[in-house]
Amino acid sequence: MTRVSRLDLLPLNNNLFSRELEERERRLGQAHLDTFSFRSSLAAFAMSTHSAQSSTNLFRRLAWQSSIHLFIRLADGEPGAGSGSDRYYMQAPRHSYLPLLLPEIRENLVELALDDQQLADTDEKDWWFEEEVEEGSSVFVSQGPCRWHWPLDLIELYSFISRSAASSSDPTASSSTSASSSKSRPLRLLLHLSNPPADKLLLNNTVEACKTQYINQVKEADFVRWRNTTKVTNLRRADLEAGWDGIVQDDYDLYMRMASRILPLPIAAGAPSPSIPSRPPSTDPGSSGPSKPESAYTTRALPVKLYLPDNAPVIQEVVPPMTADGMPLSILALLRQHLPLLFPALNEKGSPYDLAIPVAQGIEIPPEAEVAWLSACMCGVDGWLRIGIQLRAA
Amino acid sequence: MTTVPDIMSPALDAGPSTRSIARTGLDALEHYKTKDASKVVVRFKSIGAAPIMKNNVFKVTAGNKFQAVIVFLRNQLGLKQSDPLFTYINAAFAPAPDDTVGNLFKCFGTEGHLIVNYSNTQAWG
């Protein structure tokens with residue numbers, strides 16, 4: 001199991017990265033993203049567009065190939081529960097959605113655990129999941145019924161932040177150790193076959209409903225960036241569909257047919273386009289033409305959501321990529337602005353993450369990381385950067 | 001100034017069991033869990049053949065999920081369970097039903113209110 005432990009953006013260590021990519025291409029085991037070490041904002045700014053594009057692509061691929069381990073068990077009282085075959089272990093991509101996993105779960109769990117009559121009596125539209133919390137394992141309440149329109153990354157994020165991180169004063173546990181030991185624990189879900197709580201689930205579990213939500217989240221993210229959804233609505237139908245199809249088929253390149261036309265890059269504003277031969281704008285009315293990458297630092301705002309444990313409200317604010325002094329906004333500055341009680345201004349002996357730690361895509365985010373960079377390279381497949389706040393133990 | 005009618009805000013769920021988290025962190029979390037009780041002005045705009053309401057401006061508690069607005073609007077329009085209703089913000093996107101009204105207003109509000117377009121057919125794919 002290879003861990004990427006230190007990545008300096010400049011200079012890039014190409015040998016390490018191509019070995020990493022090969023490893024992941026073979027899809028052996030989990031792709032763990034360990035803590036990255038980011039250079040300062042000036043270095044990111046100075047990167048050429050071409051190298052920004054290839055390093056961005058690397059991080060996006062690494063996030064794409066990250067998977068979550070699931071342990072699914074038929075809930076007590078459901079038909080088939082308590083039988084020998086009432087549980088199923090599986091891996092799913094972090095960027096996937098529960099409705100997309102239903103066929104595999106049906107085939108490998110439900111059809112094995114239920115007898116013919118029970119199968120005939122059950123209707124897949126009544127199935128729903130909730131997180132199972134083992135006695136004594138969690139500090140906060142379980143997130144309860146799992147929303148169908150949440151990516152697995154978010155469901156896992158809530159599960160992760162419902163437990164405390166090691167205390168910063170604990171000499172034996174580094175934060176990355178506690179993070180990885182939590183990660184080796186699978187996400188435990190209970191499968192119910194009836195009585196879905198519609199008021200909590202909010203949507204039905206069809207792939208169609210999930211796809212509609214997905215497209216709208218993509219639009220909302222784009223509206224945050226540019227105050228309009230032109231980039232999305234101007235996509236050719238085929239390119240728009242490729243985004244969702246890429247998610248369904250776990251095909252990164254297919255997904256990028258859409259995403260590359262929407263997601264900005266962490267390049268300096270006004271940087272020249274990468275080396276695509278310049279062509280005159282296409283006269284084909286259906287074509288969206290060659291896409292010039294936008295700079296993540298020039299968006300009006302960044303699509304970011306902050307998640308706190310214990311059913312606290314989601315935090316969604318206007319997050320400009322640059323501060324008033326013209327410097328890229330760091331994650332620490334963002335957290336200090338919106339969660340000052342958890343990220344207070346530094347006293348001498350403390351560290352910025354004394355009380356709480358920000359987590360995204362399964363890893364801890366270093367305090368100096370630029371939010372614009374994170375939103376371009378570590379966002380979810382709908383374009384949203386989702387950051388969970390994990391509280392530290394006493 | 002005309003009063004703007006209010007819509008019902010459901011109560012939050014009860015608190016958790018908490019062990020071993022530093023007191024400061026817990027207190028902070030309690031503070032951040034407080035539901036935002038301030039009011040957001042929502043302006044409903046019909047699209048296409050959707051019925052127009054006599055009054056289309058309402059106050060909504062910021063801490064409410066958008067789902068509450070959908071339920072309220074369906075009620076106001078007298079829709080049956082099976083009647084379709086599509087809602088959009090700024091004629092651009094449909095928000096997730098669990099987005100809070102407060103967050104939507106902060107990020108997408110215009111001129112002191114949040115514009116919610118509604119239609120009985122899907123207006124934008």
# chains A, B, ... in the order shown; residues from 1 in each chain; ligands from 1
>>> closest_atom_pairs(of="chain A", to="chain B", cutoff="6 Å", atoms="only C-alpha atoms", output="CSV")
residue,atom,partner,partner_atom,distance
A:Val139,CA,B:Thr18,CA,5.3
A:Phe140,CA,B:Pro16,CA,5.6
A:Val141,CA,B:Pro16,CA,5.5
A:Asn216,CA,B:Phe93,CA,5.5
A:Lys219,CA,B:Phe93,CA,5.9
A:Glu220,CA,B:Phe93,CA,5.9
A:Ala312,CA,B:Lys33,CA,4.4
A:Gln316,CA,B:Asn103,CA,5.5
A:Val318,CA,B:Cys107,CA,5.7
A:Leu341,CA,B:Ala28,CA,5.4
A:Leu355,CA,B:Gly25,CA,5.8
A:Ala393,CA,B:Ile21,CA,4.2
A:Ala394,CA,B:Ala22,CA,3.8
>>> select_by_dssp(residues="chain B", states="strand (DSSP E)", output="VMD selection string")
chain B and resid 39 to 46 57 to 61 86 to 89 114 to 119
>>> write_last_selection(atoms="N, CA, C and O atoms", output="PDB file, in the first residue's frame")
ATOM      1  N   LYS B  39     -34.516  36.293   9.775  1.00  0.00           N
ATOM      2  CA  LYS B  39     -35.465  36.077   8.684  1.00  0.00           C
ATOM      3  C   LYS B  39     -34.860  36.488   7.351  1.00  0.00           C
ATOM      4  O   LYS B  39     -34.160  37.499   7.242  1.00  0.00           O
ATOM      5  N   VAL B  40     -35.165  35.704   6.344  1.00  0.00           N
ATOM      6  CA  VAL B  40     -34.748  36.001   4.978  1.00  0.00           C
ATOM      7  C   VAL B  40     -35.995  36.306   4.173  1.00  0.00           C
ATOM      8  O   VAL B  40     -36.997  35.587   4.287  1.00  0.00           O
ATOM      9  N   VAL B  41     -35.944  37.345   3.343  1.00  0.00           N
ATOM     10  CA  VAL B  41     -37.091  37.646   2.494  1.00  0.00           C
ATOM     11  C   VAL B  41     -36.953  36.848   1.214  1.00  0.00           C
ATOM     12  O   VAL B  41     -35.944  36.927   0.511  1.00  0.00           O
ATOM     13  N   VAL B  42     -37.986  36.067   0.926  1.00  0.00           N
ATOM     14  CA  VAL B  42     -37.992  35.237  -0.278  1.00  0.00           C
ATOM     15  C   VAL B  42     -39.028  35.790  -1.239  1.00  0.00           C
ATOM     16  O   VAL B  42     -40.161  36.051  -0.844  1.00  0.00           O
ATOM     17  N   ARG B  43     -38.627  35.982  -2.476  1.00  0.00           N
ATOM     18  CA  ARG B  43     -39.556  36.483  -3.488  1.00  0.00           C
ATOM     19  C   ARG B  43     -39.782  35.367  -4.503  1.00  0.00           C
ATOM     20  O   ARG B  43     -38.840  34.936  -5.172  1.00  0.00           O
ATOM     21  N   PHE B  44     -41.019  34.890  -4.588  1.00  0.00           N
ATOM     22  CA  PHE B  44     -41.342  33.812  -5.525  1.00  0.00           C
ATOM     23  C   PHE B  44     -41.708  34.391  -6.878  1.00  0.00           C
ATOM     24  O   PHE B  44     -42.482  35.342  -6.967  1.00  0.00           O
ATOM     25  N   LYS B  45     -41.166  33.810  -7.937  1.00  0.00           N
ATOM     26  CA  LYS B  45     -41.506  34.267  -9.288  1.00  0.00           C
ATOM     27  C   LYS B  45     -41.942  33.076 -10.122  1.00  0.00           C
ATOM     28  O   LYS B  45     -41.204  32.103 -10.241  1.00  0.00           O
ATOM     29  N   SER B  46     -43.112  33.174 -10.717  1.00  0.00           N
ATOM     30  CA  SER B  46     -43.598  32.024 -11.496  1.00  0.00           C
ATOM     31  C   SER B  46     -42.969  32.031 -12.879  1.00  0.00           C
ATOM     32  O   SER B  46     -42.615  33.076 -13.422  1.00  0.00           O
ATOM     33  N   VAL B  57     -44.260  37.476  -1.726  1.00  0.00           N
ATOM     34  CA  VAL B  57     -43.102  37.795  -0.887  1.00  0.00           C
ATOM     35  C   VAL B  57     -43.371  37.278   0.512  1.00  0.00           C
ATOM     36  O   VAL B  57     -44.405  37.589   1.111  1.00  0.00           O
ATOM     37  N   PHE B  58     -42.431  36.476   1.022  1.00  0.00           N
ATOM     38  CA  PHE B  58     -42.601  35.887   2.352  1.00  0.00           C
ATOM     39  C   PHE B  58     -41.305  35.960   3.121  1.00  0.00           C
ATOM     40  O   PHE B  58     -40.224  36.014   2.543  1.00  0.00           O
ATOM     41  N   LYS B  59     -41.409  35.921   4.438  1.00  0.00           N
ATOM     42  CA  LYS B  59     -40.217  35.841   5.288  1.00  0.00           C
ATOM     43  C   LYS B  59     -40.027  34.393   5.705  1.00  0.00           C
ATOM     44  O   LYS B  59     -40.984  33.713   6.078  1.00  0.00           O
ATOM     45  N   VAL B  60     -38.783  33.925   5.619  1.00  0.00           N
ATOM     46  CA  VAL B  60     -38.474  32.542   5.985  1.00  0.00           C
ATOM     47  C   VAL B  60     -37.331  32.576   6.989  1.00  0.00           C
ATOM     48  O   VAL B  60     -36.399  33.365   6.849  1.00  0.00           O
ATOM     49  N   THR B  61     -37.396  31.715   8.003  1.00  0.00           N
ATOM     50  CA  THR B  61     -36.300  31.632   8.963  1.00  0.00           C
ATOM     51  C   THR B  61     -35.049  31.102   8.271  1.00  0.00           C
ATOM     52  O   THR B  61     -35.094  30.104   7.549  1.00  0.00           O
ATOM     53  N   PHE B  86     -41.213  22.508  -9.771  1.00  0.00           N
ATOM     54  CA  PHE B  86     -39.770  22.666  -9.892  1.00  0.00           C
ATOM     55  C   PHE B  86     -39.407  24.049  -9.389  1.00  0.00           C
ATOM     56  O   PHE B  86     -40.057  25.037  -9.721  1.00  0.00           O
ATOM     57  N   THR B  87     -38.363  24.101  -8.567  1.00  0.00           N
ATOM     58  CA  THR B  87     -37.966  25.390  -7.999  1.00  0.00           C
ATOM     59  C   THR B  87     -36.515  25.683  -8.357  1.00  0.00           C
ATOM     60  O   THR B  87     -35.686  24.770  -8.431  1.00  0.00           O
ATOM     61  N   TYR B  88     -36.212  26.957  -8.570  1.00  0.00           N
ATOM     62  CA  TYR B  88     -34.872  27.371  -8.977  1.00  0.00           C
ATOM     63  C   TYR B  88     -34.489  28.649  -8.234  1.00  0.00           C
ATOM     64  O   TYR B  88     -35.355  29.409  -7.799  1.00  0.00           O
ATOM     65  N   ILE B  89     -33.202  28.860  -8.116  1.00  0.00           N
ATOM     66  CA  ILE B  89     -32.686  30.102  -7.546  1.00  0.00           C
ATOM     67  C   ILE B  89     -32.161  30.949  -8.699  1.00  0.00           C
ATOM     68  O   ILE B  89     -31.406  30.444  -9.546  1.00  0.00           O
ATOM     69  N   LEU B 114     -34.122  36.725  -1.667  1.00  0.00           N
ATOM     70  CA  LEU B 114     -33.718  35.534  -2.402  1.00  0.00           C
ATOM     71  C   LEU B 114     -34.816  35.238  -3.430  1.00  0.00           C
ATOM     72  O   LEU B 114     -35.986  35.107  -3.072  1.00  0.00           O
ATOM     73  N   ILE B 115     -34.442  35.160  -4.684  1.00  0.00           N
ATOM     74  CA  ILE B 115     -35.439  34.906  -5.734  1.00  0.00           C
ATOM     75  C   ILE B 115     -35.588  33.406  -5.929  1.00  0.00           C
ATOM     76  O   ILE B 115     -34.606  32.703  -6.199  1.00  0.00           O
ATOM     77  N   VAL B 116     -36.803  32.926  -5.780  1.00  0.00           N
ATOM     78  CA  VAL B 116     -37.111  31.514  -6.021  1.00  0.00           C
ATOM     79  C   VAL B 116     -38.091  31.440  -7.182  1.00  0.00           C
ATOM     80  O   VAL B 116     -39.217  31.919  -7.079  1.00  0.00           O
ATOM     81  N   ASN B 117     -37.636  30.887  -8.300  1.00  0.00           N
ATOM     82  CA  ASN B 117     -38.521  30.704  -9.456  1.00  0.00           C
ATOM     83  C   ASN B 117     -39.208  29.360  -9.328  1.00  0.00           C
ATOM     84  O   ASN B 117     -38.612  28.406  -8.839  1.00  0.00           O
ATOM     85  N   TYR B 118     -40.454  29.280  -9.761  1.00  0.00           N
ATOM     86  CA  TYR B 118     -41.137  27.995  -9.696  1.00  0.00           C
ATOM     87  C   TYR B 118     -41.913  27.736 -10.983  1.00  0.00           C
ATOM     88  O   TYR B 118     -42.375  28.672 -11.651  1.00  0.00           O
ATOM     89  N   SER B 119     -42.013  26.460 -11.299  1.00  0.00           N
ATOM     90  CA  SER B 119     -42.633  26.065 -12.552  1.00  0.00           C
ATOM     91  C   SER B 119     -43.259  24.709 -12.368  1.00  0.00           C
ATOM     92  O   SER B 119     -42.818  23.933 -11.504  1.00  0.00           O
TER      93      SER B 119
END
>>> residues_around(residues="A:Glu132", least_positions_apart="6", cutoff="8 Å", atoms="only C-alpha atoms", output="list in words")
Ser142, Arg188, Leu189 and Leu190 of chain A
>>> write_last_selection(atoms="N, CA and C atoms", output="PDB file, in the first residue's frame")
ATOM      1  N   SER A 142     -24.896   9.478  15.294  1.00  0.00           N
ATOM      2  CA  SER A 142     -24.759   9.057  13.904  1.00  0.00           C
ATOM      3  C   SER A 142     -25.507  10.029  12.998  1.00  0.00           C
ATOM      4  N   ARG A 188     -19.745   1.802   8.062  1.00  0.00           N
ATOM      5  CA  ARG A 188     -20.742   0.765   8.342  1.00  0.00           C
ATOM      6  C   ARG A 188     -22.134   1.303   8.046  1.00  0.00           C
ATOM      7  N   LEU A 189     -22.820   0.626   7.147  1.00  0.00           N
ATOM      8  CA  LEU A 189     -24.170   1.037   6.794  1.00  0.00           C
ATOM      9  C   LEU A 189     -25.155  -0.088   7.067  1.00  0.00           C
ATOM     10  N   LEU A 190     -26.312   0.292   7.570  1.00  0.00           N
ATOM     11  CA  LEU A 190     -27.405  -0.655   7.732  1.00  0.00           C
ATOM     12  C   LEU A 190     -28.339  -0.477   6.546  1.00  0.00           C
TER      13      LEU A 190
END
